Amino acid sequence: MTITKMSWYPQYQSSKFRHVYGKAASKENCYDCVPITRSVHDNHFCAVNPHFVAVVTECAGGGAFLVIPVNQTGKLDPHYPRICGHKGNVLDIKWNPFDDFLIASCSEDTTVKIWKIPQHLLTKSITDAQKELLGHTRRVGLIEWHPTASNILFSTGYDYMIMIWNLDTKESVIQAPVKTISFHTDVILSMSFNTDGSLLATACRDRKIRIIDPRAGTLLQEASNKSHRVNKVLFLGNMKKLLSTGTSRWNNRQIVLWDQGDLSVPLLEEDVDGSSGLLFPFYDSDTHVLYVLGKGDGNIRYYEIISEKPYLNYLMEYRSPLPQKGIGVMPKRGLDVSACEIFRFYKLIPAKSLIEPVSMIVPRRSESYQEDIYPMTAGVQPALMAQEWLNGANKGPILMSLRPGSVILNSFPPYPKKESSPEAMEPFQYRVNQTTDKPSRVQEKWGHRKGEERGQEDKKIGLSNGFDIFECPPPKTENELLQMFYRQQEEIRRLREVLIQRDVQIKQLELEIKNLRVDSGRF
């Protein structure tokens, strides 16, 4: 008698993220009394960085959004200042990935605006934008910052146009974009970049997924699947795959996986459920974990993406009775690595006027830094200037370590101008003085050594990790200088660990000597 294996039986896949669980913040760590927008537009309505939580708010006589400091939890003052310079409802907001105090917003008034948020607490509402982008003829529904080039912004609206803006100019009002992509035939619902920003994927209301070369403005590939009505699309990091969410022919919500090189037939179609809310996908390229949230649901499903079949490995589901209208995501550099937190959502719950943070945590017993779940991740420094990218250069993101103390995890304006106020530069100056004036543990313990000894030991250090600091040519560009800085930071961290281990060994030897003396005294 032969036993046939049932095809629907789930195969077990070993994974370090199998037991990841969601943990909602306590009531005092939520943001209460927030007037969340009642707009029916299918966007996130929330943007988060390590300093601020921005949320689109309900406002009469125009459009507005709130910018709340991350640490300012609890009840919000009903008269809290707003960013309110738009004449129509705000439809999307996005923080600049390289400047935590610069945010872009788009609105039904056909404009895109760039706002400079002061580093101190807001004392009055801001109505004057730093820059205003005029080019769209109908309402603007979606904006995206370029992932590696500074001051490059993409916008798309109900005129079916994608416009590329170079913000690296002195003009406060920019009348025309540097590039316009105009071959879409309906409203663009979603935009996503690949890792180095050389390709752009779009999901359109005409049910087509397109891969575009944004600088040339040419269509590279197009997918049209009659059984899949697409809403959102994502590049899956460096895996050469795309993921889309939408609905099937039978109105089931589904996840579809595509090969980036061939969009003719999907690799995988996975039905999720029969609910009607839009699915928001979020992909963590560092851990290869995909999070899927439904608009109007309270649950968060998460999967692990693998390179071979079955491609999608279901992990678990976080359940909550509180439905979300929108969602914000904290960048990796803002997570609590001491608690093994690998992702953090900010759920907008209009029924309770509440923003609820939900942390995704890997259960670990050790309290030390977990290197395997925190690989090098995209940092706060741009890899390219705006004009370099427009001229055809491609570079992946400059990576940083999340290990505490290894690099500066705050993002300040990367190129401060002369007119910047002293208060704006104060936190940065404080960090520099702190690192240069304070003597290290080695200097406190051993003092200053002779120059020859230091030179010989520094030469040995320079050859560590296969990187010779002294024989390689000096950095010619700012990116090379930043990469060398990050390498030196990692080297300093490694040397500190070696010193700590030496101190432990010295203490152990001192204890052994004491024990030997006690034993010899007895005899």
# chains A, B, ... in the order shown; residues from 1 in each chain; ligands from 1
>>> select_by_dssp(residues="range 15-251 of chain A", states="strand (DSSP E or B)", output="VMD selection string")
chain A and resid 21 to 24 31 to 32 36 46 to 48 52 to 57 63 to 69 74 to 75 83 to 86 90 to 95 102 to 107 111 to 116 126 131 to 134 140 to 145 149 152 to 157 162 to 166 173 to 174 179 to 181 188 to 193 200 to 204 208 to 213 218 to 224 228 to 235 241 to 248
>>> residues_around(residues="Phe235 in chain A", least_positions_apart="5", cutoff="9 Å", atoms="only C-alpha atoms", output="PyMOL selection string")
chain A and resi 192-195+200-201+240-244+260+283
>>> atom_distance(atom1="CA of Cys59 in chain A", atom2="CA of Cys84 in chain A")
8.8 Å
>>> select_by_dssp(residues="range 235-442 of chain A", states="alpha helix (DSSP H)", output="MDAnalysis selection string")
chainID A and resid 386:390 422:437 441:442
>>> residues_around(residues="range 354-368 of chain A", least_positions_apart="3", cutoff="8 Å", atoms="only C-alpha atoms", output="ChimeraX atom specification")
/A:17,19-25,29-34,338-351
>>> write_last_selection(atoms="C-alpha atoms", output="short mmCIF file (atom, residue, chain, number, x, y, z; two decimals), in the first residue's frame")
data_model
loop_
_atom_site.label_atom_id
_atom_site.label_comp_id
_atom_site.auth_asym_id
_atom_site.auth_seq_id
_atom_site.Cartn_x
_atom_site.Cartn_y
_atom_site.Cartn_z
CA PHE A 17 12.42 34.38 12.18
CA HIS A 19 8.97 32.77 16.18
CA VAL A 20 8.93 36.52 15.53
CA TYR A 21 6.05 38.07 17.45
CA GLY A 22 4.33 41.45 17.43
CA LYS A 23 4.20 43.54 20.59
CA ALA A 24 1.88 46.55 20.79
CA ALA A 25 3.04 49.54 22.82
CA ASN A 29 3.61 54.90 24.76
CA CYS A 30 0.92 55.52 22.11
CA TYR A 31 -0.07 58.86 20.57
CA ASP A 32 -3.60 59.68 21.71
CA CYS A 33 -6.16 62.30 20.63
CA VAL A 34 -4.69 62.58 17.12
CA SER A 338 18.82 45.76 22.59
CA ALA A 339 15.28 44.28 22.51
CA CYS A 340 15.93 42.34 19.25
CA GLU A 341 13.39 44.52 17.43
CA ILE A 342 13.62 43.98 13.65
CA PHE A 343 10.66 46.09 12.45
CA ARG A 344 8.26 48.68 13.90
CA PHE A 345 4.89 49.77 12.57
CA TYR A 346 2.84 52.81 13.55
CA LYS A 347 -0.84 51.92 13.11
CA LEU A 348 -3.35 54.73 12.50
CA ILE A 349 -6.59 53.90 14.32
CA PRO A 350 -9.13 56.69 13.54
CA ALA A 351 -11.92 55.14 15.62
#
